[in-house]
Structure formats: structure tokens, C-alpha cells
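Data file: final_29.csv. Format and content: CSV, C-alpha atoms.
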```csv
chain,number,residue,atom,x,y,z
A,3,MET,CA,12.3,-82.7,-35.1
A,4,THR,CA,11.6,-85.4,-32.5
A,5,ALA,CA,12.3,-85.0,-28.8
A,6,PHE,CA,15.1,-87.4,-29.0
A,7,ALA,CA,16.8,-85.6,-31.9
A,8,GLN,CA,16.5,-82.4,-30.0
A,9,ARG,CA,18.2,-83.9,-26.9
A,10,VAL,CA,21.1,-85.4,-28.9
A,11,LEU,CA,21.8,-82.1,-30.6
A,12,ILE,CA,22.1,-80.2,-27.3
A,13,GLY,CA,25.7,-79.3,-26.7
A,14,ALA,CA,26.8,-80.7,-30.1
A,15,ALA,CA,28.7,-77.5,-30.8
A,16,ILE,CA,31.1,-78.4,-28.1
A,17,VAL,CA,32.4,-81.4,-30.0
A,18,LEU,CA,32.0,-80.4,-33.6
A,19,ALA,CA,35.1,-78.3,-33.8
A,20,GLN,CA,37.3,-81.1,-32.5
A,21,LEU,CA,35.8,-83.6,-34.9
A,22,LEU,CA,35.3,-81.6,-38.1
A,23,SER,CA,38.4,-83.1,-39.7
A,24,ILE,CA,37.2,-86.6,-39.2
A,25,ASP,CA,33.7,-85.7,-40.3
A,26,ALA,CA,35.1,-84.3,-43.6
A,27,ALA,CA,37.2,-87.4,-44.2
A,28,ALA,CA,34.2,-89.6,-43.6
A,29,ALA,CA,32.1,-87.6,-46.1
A,30,GLY,CA,34.6,-87.8,-48.8
A,31,PRO,CA,35.0,-90.7,-51.3
A,32,HIS,CA,37.1,-93.6,-50.0
A,33,ARG,CA,37.1,-97.3,-49.8
A,34,ALA,CA,36.9,-99.1,-46.5
A,35,PRO,CA,39.0,-102.2,-45.8
A,36,ARG,CA,37.7,-105.4,-47.4
A,37,PRO,CA,35.7,-107.5,-44.9
A,38,GLN,CA,37.1,-110.9,-44.1
A,39,HIS,CA,33.7,-112.5,-44.1
A,40,ALA,CA,30.1,-111.3,-43.3
A,41,ALA,CA,29.4,-107.7,-43.8
A,42,ARG,CA,28.6,-107.2,-40.1
A,43,LYS,CA,32.3,-107.8,-39.3
A,44,ALA,CA,33.8,-104.9,-41.2
A,45,ALA,CA,33.0,-101.8,-43.2
A,46,SER,CA,31.5,-102.5,-46.7
A,47,LYS,CA,33.2,-100.6,-49.5
A,48,ASP,CA,29.9,-100.5,-51.4
A,49,VAL,CA,27.9,-98.5,-48.8
A,50,LYS,CA,27.3,-94.9,-49.8
A,51,GLU,CA,28.9,-92.7,-47.2
A,52,VAL,CA,27.2,-89.8,-45.4
A,53,PRO,CA,28.8,-87.5,-42.9
A,54,ILE,CA,29.1,-89.1,-39.4
A,55,ASP,CA,26.5,-87.8,-37.0
A,56,MET,CA,28.9,-86.3,-34.5
A,57,ALA,CA,26.2,-85.3,-32.0
A,58,THR,CA,24.9,-88.8,-31.8
A,59,LEU,CA,28.4,-90.2,-31.5
A,60,ALA,CA,29.1,-87.9,-28.6
A,61,THR,CA,25.9,-88.9,-27.0
A,62,GLN,CA,26.7,-92.6,-27.3
A,63,VAL,CA,30.2,-92.1,-25.8
A,64,MET,CA,28.7,-90.1,-22.9
A,65,LEU,CA,26.1,-92.8,-22.2
A,66,ASP,CA,28.7,-95.6,-22.4
A,67,ARG,CA,30.9,-93.8,-19.9
A,68,ALA,CA,28.1,-93.2,-17.5
A,69,GLY,CA,27.1,-96.9,-17.4
A,70,PHE,CA,24.0,-96.5,-19.6
A,71,SER,CA,25.0,-98.6,-22.6
A,72,PRO,CA,23.6,-97.7,-26.0
A,73,GLY,CA,24.8,-101.0,-27.3
A,74,GLU,CA,27.2,-100.9,-30.2
A,75,ILE,CA,28.5,-97.4,-30.8
A,76,ASP,CA,27.7,-96.6,-34.5
A,77,ALA,CA,26.8,-92.8,-34.6
A,78,ARG,CA,23.2,-93.7,-35.4
A,79,SER,CA,20.3,-92.5,-33.3
A,80,GLY,CA,18.4,-95.8,-33.0
A,81,THR,CA,16.0,-97.2,-30.5
A,82,SER,CA,18.7,-98.5,-28.1
A,83,THR,CA,20.4,-95.1,-27.9
A,84,GLY,CA,17.1,-93.4,-27.3
A,85,ARG,CA,16.1,-95.7,-24.5
A,86,ALA,CA,19.5,-95.5,-22.9
A,87,LEU,CA,19.3,-91.7,-23.0
A,88,ASP,CA,15.9,-91.7,-21.4
A,89,ALA,CA,17.1,-94.0,-18.6
A,90,TYR,CA,20.2,-91.8,-18.1
A,91,THR,CA,18.1,-88.6,-17.8
A,92,ARG,CA,15.5,-90.3,-15.5
A,93,ASN,CA,18.4,-91.1,-13.2
A,94,GLY,CA,19.7,-87.6,-13.0
A,95,GLY,CA,22.0,-87.5,-16.0
A,96,ASP,CA,22.5,-84.3,-17.9
A,97,ALA,CA,21.9,-84.9,-21.6
A,98,SER,CA,23.5,-81.6,-22.5
A,99,ALA,CA,26.8,-82.4,-20.9
A,100,LEU,CA,28.4,-84.0,-24.0
A,101,PRO,CA,32.1,-84.8,-23.7
A,102,GLN,CA,34.7,-82.9,-25.6
A,103,ASP,CA,37.1,-85.8,-25.8
A,104,VAL,CA,34.7,-88.0,-27.8
A,105,LEU,CA,37.6,-89.8,-29.6
A,106,THR,CA,41.0,-90.9,-28.5
A,107,ASP,CA,44.1,-92.1,-30.3
A,108,TYR,CA,45.1,-95.8,-30.1
A,109,THR,CA,48.2,-97.3,-31.6
A,110,ILE,CA,47.7,-100.9,-32.8
A,111,THR,CA,50.2,-103.2,-31.2
A,112,GLU,CA,52.1,-106.2,-32.6
A,113,GLU,CA,50.0,-108.3,-30.1
A,114,ASP,CA,46.8,-106.9,-31.6
A,115,ALA,CA,47.8,-107.7,-35.1
A,116,ALA,CA,49.0,-111.2,-34.2
A,117,GLY,CA,45.6,-112.4,-33.2
A,118,PRO,CA,44.8,-115.3,-33.2
A,119,PHE,CA,42.0,-114.9,-35.7
A,120,THR,CA,39.4,-117.1,-37.3
A,121,PRO,CA,39.0,-115.4,-40.7
A,122,SER,CA,35.7,-117.1,-41.5
A,123,ILE,CA,32.9,-118.1,-39.2
A,124,PRO,CA,30.4,-120.6,-40.8
A,125,GLY,CA,26.7,-120.2,-40.1
A,126,SER,CA,25.9,-123.8,-39.5
A,127,MET,CA,26.3,-125.2,-35.9
A,128,MET,CA,27.6,-128.4,-37.4
A,129,GLN,CA,30.3,-126.5,-39.2
A,130,LYS,CA,31.1,-124.3,-36.2
A,131,ALA,CA,31.6,-127.5,-34.2
A,132,LYS,CA,34.5,-128.4,-36.5
A,133,LEU,CA,36.5,-125.3,-35.5
A,134,THR,CA,39.0,-125.4,-32.6
A,135,ALA,CA,38.3,-121.8,-31.7
A,136,LEU,CA,35.9,-119.0,-32.7
A,137,ASP,CA,38.2,-116.0,-32.4
A,138,TYR,CA,37.8,-112.5,-33.8
A,139,THR,CA,37.8,-112.5,-37.6
A,140,SER,CA,40.0,-109.4,-37.9
A,141,VAL,CA,41.8,-106.6,-36.1
A,142,ALA,CA,38.9,-104.3,-36.9
A,143,GLU,CA,36.4,-106.6,-35.3
A,144,MET,CA,38.6,-107.1,-32.2
A,145,LEU,CA,39.2,-103.3,-31.8
A,146,GLY,CA,35.5,-102.7,-32.4
A,147,GLU,CA,34.6,-104.9,-29.4
A,148,ARG,CA,37.4,-103.4,-27.3
A,149,PHE,CA,36.1,-99.9,-27.9
A,150,HIS,CA,32.4,-100.8,-28.0
A,151,ALA,CA,32.1,-99.7,-31.6
A,152,SER,CA,30.9,-100.9,-35.0
A,153,PRO,CA,33.8,-102.0,-37.2
A,154,LYS,CA,32.1,-99.9,-39.9
A,155,LEU,CA,32.4,-96.8,-37.7
A,156,LEU,CA,36.1,-97.5,-37.1
A,157,ALA,CA,36.7,-97.7,-40.8
A,158,ARG,CA,34.9,-94.5,-41.4
A,159,LEU,CA,36.8,-92.7,-38.7
A,160,ASN,CA,40.0,-94.0,-40.2
A,161,PRO,CA,39.4,-94.1,-44.0
A,162,ASP,CA,43.1,-94.7,-44.8
A,163,ALA,CA,43.9,-97.2,-42.1
A,164,LYS,CA,44.9,-100.8,-42.9
A,165,PHE,CA,44.5,-101.8,-39.2
A,166,ALA,CA,48.1,-103.0,-39.1
A,167,ALA,CA,50.6,-103.0,-36.2
A,168,GLY,CA,52.1,-99.5,-35.6
A,169,GLU,CA,49.2,-97.5,-37.0
A,170,THR,CA,47.6,-94.9,-34.8
A,171,ILE,CA,43.8,-94.7,-35.2
A,172,LYS,CA,40.9,-92.8,-33.8
A,173,VAL,CA,38.5,-94.8,-31.6
A,174,PRO,CA,35.6,-93.8,-29.3
A,175,GLY,CA,36.8,-92.6,-25.9
A,176,VAL,CA,35.0,-95.2,-23.8
A,177,THR,CA,36.0,-96.8,-20.6
A,178,VAL,CA,37.8,-100.1,-21.5
A,179,HIS,CA,37.2,-102.9,-19.1
A,180,ASP,CA,39.6,-105.7,-18.3
A,181,GLU,CA,39.0,-109.3,-19.1
A,182,GLY,CA,37.0,-109.7,-15.9
A,183,GLY,CA,34.7,-106.9,-17.0
A,184,GLU,CA,35.8,-104.5,-14.3
A,185,ALA,CA,37.0,-100.9,-14.6
A,186,ALA,CA,38.8,-98.9,-12.0
A,187,GLY,CA,36.4,-97.8,-9.2
A,188,SER,CA,33.6,-100.2,-10.3
A,189,SER,CA,32.3,-103.6,-9.1
A,190,ALA,CA,29.7,-102.6,-6.5
A,191,PRO,CA,27.6,-105.7,-5.8
A,192,ALA,CA,24.3,-106.0,-7.5
A,193,ALA,CA,21.1,-106.5,-5.5
A,194,ILE,CA,18.8,-107.2,-8.5
A,195,VAL,CA,19.0,-107.6,-12.2
A,196,MET,CA,15.8,-106.5,-14.0
A,197,VAL,CA,15.1,-107.6,-17.6
A,198,ARG,CA,12.1,-106.0,-19.3
A,199,LYS,CA,10.6,-107.7,-22.4
A,200,ARG,CA,8.7,-104.6,-23.6
A,201,THR,CA,11.6,-102.3,-23.8
A,202,SER,CA,14.3,-104.9,-24.5
A,203,ASP,CA,16.6,-103.7,-21.7
A,204,LEU,CA,18.4,-104.7,-18.5
A,205,THR,CA,18.9,-102.6,-15.4
A,206,VAL,CA,21.2,-103.6,-12.5
A,207,THR,CA,20.6,-101.8,-9.1
A,208,ASP,CA,22.2,-102.0,-5.7
A,209,ASP,CA,20.5,-102.4,-2.3
A,210,ALA,CA,19.7,-98.7,-2.3
A,211,GLY,CA,18.1,-98.7,-5.7
A,212,LYS,CA,21.0,-97.0,-7.4
A,213,VAL,CA,21.5,-97.9,-11.0
A,214,LEU,CA,24.9,-99.7,-11.5
A,215,MET,CA,24.3,-100.6,-15.1
A,216,TYR,CA,21.9,-100.2,-18.0
A,217,ALA,CA,22.1,-102.1,-21.3
A,218,PRO,CA,20.0,-103.1,-24.3
A,219,VAL,CA,19.2,-106.8,-24.6
A,220,THR,CA,17.5,-109.3,-26.9
A,221,THR,CA,14.9,-111.4,-25.0
A,222,GLY,CA,13.4,-114.4,-26.8
A,223,SER,CA,10.9,-114.8,-29.5
A,224,GLU,CA,7.4,-116.0,-30.3
A,225,HIS,CA,8.8,-119.6,-30.4
A,226,ASP,CA,11.0,-119.1,-27.2
A,227,PRO,CA,9.3,-116.4,-25.1
A,228,LEU,CA,11.1,-114.9,-22.2
A,229,PRO,CA,10.1,-116.9,-19.1
A,230,ILE,CA,8.5,-114.2,-17.0
A,231,GLY,CA,9.3,-114.6,-13.3
A,232,GLU,CA,12.0,-114.4,-10.7
A,233,TRP,CA,15.2,-116.4,-10.9
A,234,LYS,CA,18.7,-116.5,-9.3
A,235,VAL,CA,22.2,-116.5,-10.7
A,236,ARG,CA,23.8,-120.0,-10.3
A,237,GLY,CA,27.2,-119.1,-11.6
A,238,VAL,CA,29.4,-117.3,-14.1
A,239,GLU,CA,31.5,-118.9,-16.8
A,240,ARG,CA,33.9,-116.8,-18.9
A,241,ASP,CA,35.0,-118.0,-22.3
A,242,PRO,CA,32.4,-120.7,-22.3
A,243,THR,CA,32.0,-123.6,-24.7
A,244,PHE,CA,28.5,-123.9,-26.1
A,245,HIS,CA,26.7,-127.2,-25.8
A,246,TYR,CA,24.4,-127.3,-28.8
A,247,ASN,CA,21.3,-129.5,-28.4
A,248,PRO,CA,19.1,-129.3,-31.5
A,249,ALA,CA,16.1,-130.6,-29.4
A,250,LEU,CA,16.1,-127.2,-27.7
A,251,PHE,CA,16.1,-125.2,-30.9
A,252,TRP,CA,12.8,-124.9,-32.9
A,253,ASP,CA,14.8,-123.9,-36.1
A,254,ALA,CA,17.4,-126.7,-35.9
A,255,GLN,CA,18.1,-128.6,-39.0
A,256,ALA,CA,16.8,-132.2,-39.1
A,257,SER,CA,20.4,-133.4,-39.8
A,258,ASP,CA,21.8,-131.6,-36.7
A,259,ALA,CA,23.3,-133.6,-33.8
A,260,GLU,CA,24.4,-132.6,-30.4
A,261,ALA,CA,27.7,-130.8,-30.6
A,262,THR,CA,30.2,-128.8,-28.5
A,263,ILE,CA,31.2,-125.3,-30.0
A,264,ALA,CA,34.6,-124.0,-29.0
A,265,PRO,CA,35.1,-120.9,-27.0
A,266,GLY,CA,35.8,-117.4,-28.4
A,267,PRO,CA,34.1,-114.1,-29.0
A,268,ASN,CA,32.3,-115.5,-32.0
A,269,ASN,CA,30.9,-118.5,-30.0
A,270,PRO,CA,27.1,-118.4,-30.0
A,271,VAL,CA,27.0,-117.2,-26.4
A,272,GLY,CA,30.0,-114.9,-26.7
A,273,VAL,CA,32.6,-114.5,-24.0
A,274,VAL,CA,30.3,-114.9,-20.9
A,275,TRP,CA,27.6,-117.2,-19.7
A,276,ILE,CA,25.7,-116.3,-16.6
A,277,ASP,CA,23.8,-119.4,-15.6
A,278,LEU,CA,20.3,-119.0,-14.1
A,279,SER,CA,18.1,-121.2,-11.8
A,280,ARG,CA,15.7,-121.6,-14.8
A,281,PRO,CA,17.1,-124.7,-16.7
A,282,HIS,CA,18.7,-124.0,-20.0
A,283,TYR,CA,18.5,-120.2,-19.5
A,284,GLY,CA,21.2,-117.6,-19.0
A,285,LEU,CA,22.4,-114.1,-19.6
A,286,HIS,CA,25.2,-114.1,-22.1
A,287,GLY,CA,27.2,-112.3,-24.8
A,288,THR,CA,26.9,-112.5,-28.6
A,289,PRO,CA,29.0,-112.6,-31.7
A,290,GLU,CA,26.7,-110.1,-33.4
A,291,PRO,CA,26.6,-106.9,-31.2
A,292,SER,CA,24.8,-104.9,-34.0
A,293,LYS,CA,21.7,-107.1,-33.6
A,294,ILE,CA,21.2,-106.6,-29.8
A,295,GLY,CA,17.8,-105.1,-29.1
A,296,LYS,CA,16.8,-105.7,-32.8
A,297,THR,CA,16.4,-109.4,-33.4
A,298,GLU,CA,15.0,-112.5,-31.6
A,299,SER,CA,16.9,-115.0,-29.5
A,300,HIS,CA,16.2,-118.6,-28.4
A,301,GLY,CA,14.7,-117.5,-25.1
A,302,CYS,CA,17.9,-116.5,-23.3
A,303,VAL,CA,19.0,-112.8,-22.7
A,304,ARG,CA,21.7,-111.6,-25.0
A,305,LEU,CA,24.0,-108.6,-24.5
A,306,THR,CA,27.0,-107.2,-26.3
A,307,ASN,CA,30.1,-109.0,-25.2
A,308,TRP,CA,31.4,-105.9,-23.3
A,309,ASP,CA,28.1,-105.4,-21.5
A,310,ALA,CA,28.0,-109.1,-20.6
A,311,LEU,CA,31.5,-108.8,-19.1
A,312,LYS,CA,30.5,-105.8,-17.1
A,313,LEU,CA,27.3,-107.6,-15.9
A,314,ALA,CA,29.4,-110.7,-14.9
A,315,ALA,CA,31.5,-108.5,-12.6
A,316,LEU,CA,28.4,-107.3,-10.8
A,317,VAL,CA,26.6,-110.5,-10.1
A,318,LYS,CA,27.4,-113.6,-8.0
A,319,PRO,CA,25.6,-116.9,-7.1
A,320,GLY,CA,22.3,-115.9,-5.5
A,321,THR,CA,21.8,-112.6,-7.2
A,322,LYS,CA,18.1,-112.0,-8.0
A,323,VAL,CA,17.2,-111.8,-11.7
A,324,VAL,CA,13.7,-110.7,-12.6
A,325,PHE,CA,12.2,-111.2,-16.1
A,326,ALA,CA,9.3,-108.8,-16.5
A,327,GLU,CA,6.8,-107.9,-19.3
```
Rewrite the structure from the file as C-alpha cells, please.
Amino acid sequence: MTAFAQRVLIGAAIVLAQLLSIDAAAAGPHRAPRPQHAARKAASKDVKEVPIDMATLATQVMLDRAGFSPGEIDARSGTSTGRALDAYTRNGGDASALPQDVLTDYTITEEDAAGPFTPSIPGSMMQKAKLTALDYTSVAEMLGERFHASPKLLARLNPDAKFAAGETIKVPGVTVHDEGGEAAGSSAPAAIVMVRKRTSDLTVTDDAGKVLMYAPVTTGSEHDPLPIGEWKVRGVERDPTFHYNPALFWDAQASDAEATIAPGPNNPVGVVWIDLSRPHYGLHGTPEPSKIGKTESHGCVRLTNWDALKLAALVKPGTKVVFAE
């Protein structure tokens, strides 16, 4: 057993009794709701189900509440969760203090069910440019982002749910931020934002060196490497449009032209753009939270939309941003 596996199992007995009924439901045969487009947006009915790893789920909820984001909560003990747990313990966190209230009830409202939604998001930038908005594709995707969870996990926690108005479902008991990215008692000003290429993570500290936020990130590629150095925040834009310039993208199609992509959570830069003093570079959200820390970007630093919102509430023009190896 690895050291990480040993850590996440510590204290698991505290939460297992509360969650056994959900674990059993997840292990049994059932069909998840049909996804409205790509498999990343909802649970696939063809995936062979295994029991939900309740210890890892409890660990991810604990980390999220403490400000050490594991990225998308999926009850899987991946690299981002392991790195967040290491950062949490290095900064005085108790890995054995797993929460008992891992899950909470949420009743889907009429407003939730009403959307608006964009049922299908095309892959081509030229096709995206034809849309008037890039909203969530479904209630499941919207609630996944609100509760920092994979839509697949929500479907497994609620195997009989149709994600319709009036239904009460189980969701991870995370701290839900408002549209400005702030939660009650938060918003201490950041002194420095540190992005590390080697570990694909971001740490925000105050003047005293206290960690205000930790999150996994995606940081460039062989074609567009992270520009190592020190930069400053120039401004923050929420619900940004995306100005696509194919000349800046090594993998652009020859037929592509400059285009403006409408705002929305499925916009290529998500719900927040934090502009930097380095031209064409920023810290921003993403329409694909499951890929954070795992895939390459076009040089900029991507976070989940909820982590990007939290970061936006901590920075201001002039905040120092360091890109390090």
C-alpha cells in the first residue's frame, strides 16, 4: 500500500457508516442519465460501476473545504488529490480528521432546471463562434460545477435521479462560493501567486506567507511552454468573451479565421480571465475540469472554474505572479 493510500484511509471508518447506503447503491446495477453531448459532461451508462471510494471522497471534501483544492471531486485517488493532501499536511493540516458530513442534500430548483443550457458544444472554434452563448449543457453539469464534482460522481451518488426540478439529491458538502468567487469569511488579499510547472499547481499566499489557496493547474506544453519569470496581474474579467486568433495557436486549422467566442462556462477560458503583464497570457477557468493537471494548454494557466473564481477574489491589479519550474 502506498503512503498516499495509507493517508486517505486514516479515519475512513468515521464516514463509512453514514455513506454505506449510497455506496451500496453505486455498486448495484443501474443506468446513469444519458449524456447530452460528450462523455465528460455526464455519466456514461456503459461504464462498469465499482463501489465508490468513500475514504477518497471524504479526503477530497476535506481538502476542498480547507482551501487545498483536489480539482474535480471524483472519489478517485489521483495525482492532484495526492499533491493537495501533501500541501495540506505540510501546512499543518490533519489528514486523519476526515469530515462526517461528507455529503449533503440539495433540492433542485425550478431556476436550476430552467437553465439556460447549450445542449451541444462543438469542438471547432469556428463552430463555437456561431453560438450566442456557451452555457452549461445540462443540470448535471451545472450542479457538478456548483459542488465541485464530476457529473459522473453525481449520477453514481444518485442512481435514480433524473436531475429535474423538485428532486432532492446527494452532493459533496463543499463550501459553495458566490458568483464573485467569495465565501463567508474569505477574501484576504494575496501577496503572491506561485505557479509551479513541475508539480502543476498554484499556491496563493498572504504577506505573512500563510497559504490562502492551493489548486491544481495545467501549465502549457512543448509547443507553448510556461513563460518562467515574474509577472503582475493587470485585471480580472468575469464571464469573458474569448478572442480567438489562430496565429497564436500552433494547432489551428488552416481555414480558421479570427473570431469572438461568446461567454459562458463552456467558453474556452471558462468563467474568469485574470490578465497578466505578459502579453496574451492569463490565469483562467476551463470547460473541462476533469482535465486540469492532466493535459496540456496553449501556454496559459488553467484552473477549474470554481478555483478560478476563488483566485479572482484574492487578486487585484499589481498582484505578483511567479511562474517557476
What separation in Å, quoted to one decimal, exists between atom CA of A:Ala68 and atom CA of A:Gly84?
-> 14.7 Å
Sel. within 6 Å of pt (35.5, -99.1, -28.5), counting all atoms listed in the file, output as a PyMOL selection string = chain A and resi 146-151+174
Atomic distance atom CA of A:His282 - atom CA of A:Ile230, expressed in Å with one decimal | 14.5 Å
Record the distance separating atom CA of A:Leu156 and atom CA of A:Gln102, expressed in Å with one decimal.
-> 18.6 Å
A:Leu316, A:Leu204, A:Val303, A:Val173 ranked by distance to A:Thr220, top pick (using all atoms listed in the file) |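 The closest residue to A:Thr220 is A:Val303.
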Pick the closest to A:Pro319 from A:Ala115, A:Ile276, A:Ala60, A:Ile171: which is it, counting all atoms listed in the file?
-> A:Ile276
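Using all atoms listed in the file, the nearest neighbour of A:Gly320 within the list A:Leu278, A:Val271, A:Leu59, A:Leu145 is A:Leu278.
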Pick out the closest residue to A:Gly287 from this set: A:Val324, A:Val219, A:Leu250, A:Gly125. Count only C-alpha atoms.
-> A:Val219
Pick out the closest residue to A:Ala86 from this set: A:Glu74, A:Glu290, A:Asp55, A:Asp203. Count only C-alpha atoms.
-> A:Asp203
Could you check which of A:Ser257, A:Thr321, A:Asn93, A:Ser279 is closest to A:Met127, using all atoms listed in the file?
->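 Distance minimum relative to A:Met127 lands on A:Ser257.
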Please return, as a ChimeraX atom specification, all polymer residues that have at least one atom within 12 Å of the point (22.9, -109.3, -22.1); use all atoms listed in the file and the file's own coordinate frame.
-> /A:71,73,195-198,202-206,215-222,271-276,284-291,293-295,299,301-314
Resulting file, chosen residues, C-alpha atoms, as a compact mmCIF listing (two decimals), in the coordinates of the input:
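Result went into result-v4.txt, see below:
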```txt
# COMPACT_ATOMS: atom_id res chain seq x y z
CA SER A 71 25.00 -98.60 -22.60
CA GLY A 73 24.80 -101.00 -27.30
CA VAL A 195 19.00 -107.60 -12.20
CA MET A 196 15.80 -106.50 -14.00
CA VAL A 197 15.10 -107.60 -17.60
CA ARG A 198 12.10 -106.00 -19.30
CA SER A 202 14.30 -104.90 -24.50
CA ASP A 203 16.60 -103.70 -21.70
CA LEU A 204 18.40 -104.70 -18.50
CA THR A 205 18.90 -102.60 -15.40
CA VAL A 206 21.20 -103.60 -12.50
CA MET A 215 24.30 -100.60 -15.10
CA TYR A 216 21.90 -100.20 -18.00
CA ALA A 217 22.10 -102.10 -21.30
CA PRO A 218 20.00 -103.10 -24.30
CA VAL A 219 19.20 -106.80 -24.60
CA THR A 220 17.50 -109.30 -26.90
CA THR A 221 14.90 -111.40 -25.00
CA GLY A 222 13.40 -114.40 -26.80
CA VAL A 271 27.00 -117.20 -26.40
CA GLY A 272 30.00 -114.90 -26.70
CA VAL A 273 32.60 -114.50 -24.00
CA VAL A 274 30.30 -114.90 -20.90
CA TRP A 275 27.60 -117.20 -19.70
CA ILE A 276 25.70 -116.30 -16.60
CA GLY A 284 21.20 -117.60 -19.00
CA LEU A 285 22.40 -114.10 -19.60
CA HIS A 286 25.20 -114.10 -22.10
CA GLY A 287 27.20 -112.30 -24.80
CA THR A 288 26.90 -112.50 -28.60
CA PRO A 289 29.00 -112.60 -31.70
CA GLU A 290 26.70 -110.10 -33.40
CA PRO A 291 26.60 -106.90 -31.20
CA LYS A 293 21.70 -107.10 -33.60
CA ILE A 294 21.20 -106.60 -29.80
CA GLY A 295 17.80 -105.10 -29.10
CA SER A 299 16.90 -115.00 -29.50
CA GLY A 301 14.70 -117.50 -25.10
CA CYS A 302 17.90 -116.50 -23.30
CA VAL A 303 19.00 -112.80 -22.70
CA ARG A 304 21.70 -111.60 -25.00
CA LEU A 305 24.00 -108.60 -24.50
CA THR A 306 27.00 -107.20 -26.30
CA ASN A 307 30.10 -109.00 -25.20
CA TRP A 308 31.40 -105.90 -23.30
CA ASP A 309 28.10 -105.40 -21.50
CA ALA A 310 28.00 -109.10 -20.60
CA LEU A 311 31.50 -108.80 -19.10
CA LYS A 312 30.50 -105.80 -17.10
CA LEU A 313 27.30 -107.60 -15.90
CA ALA A 314 29.40 -110.70 -14.90
```
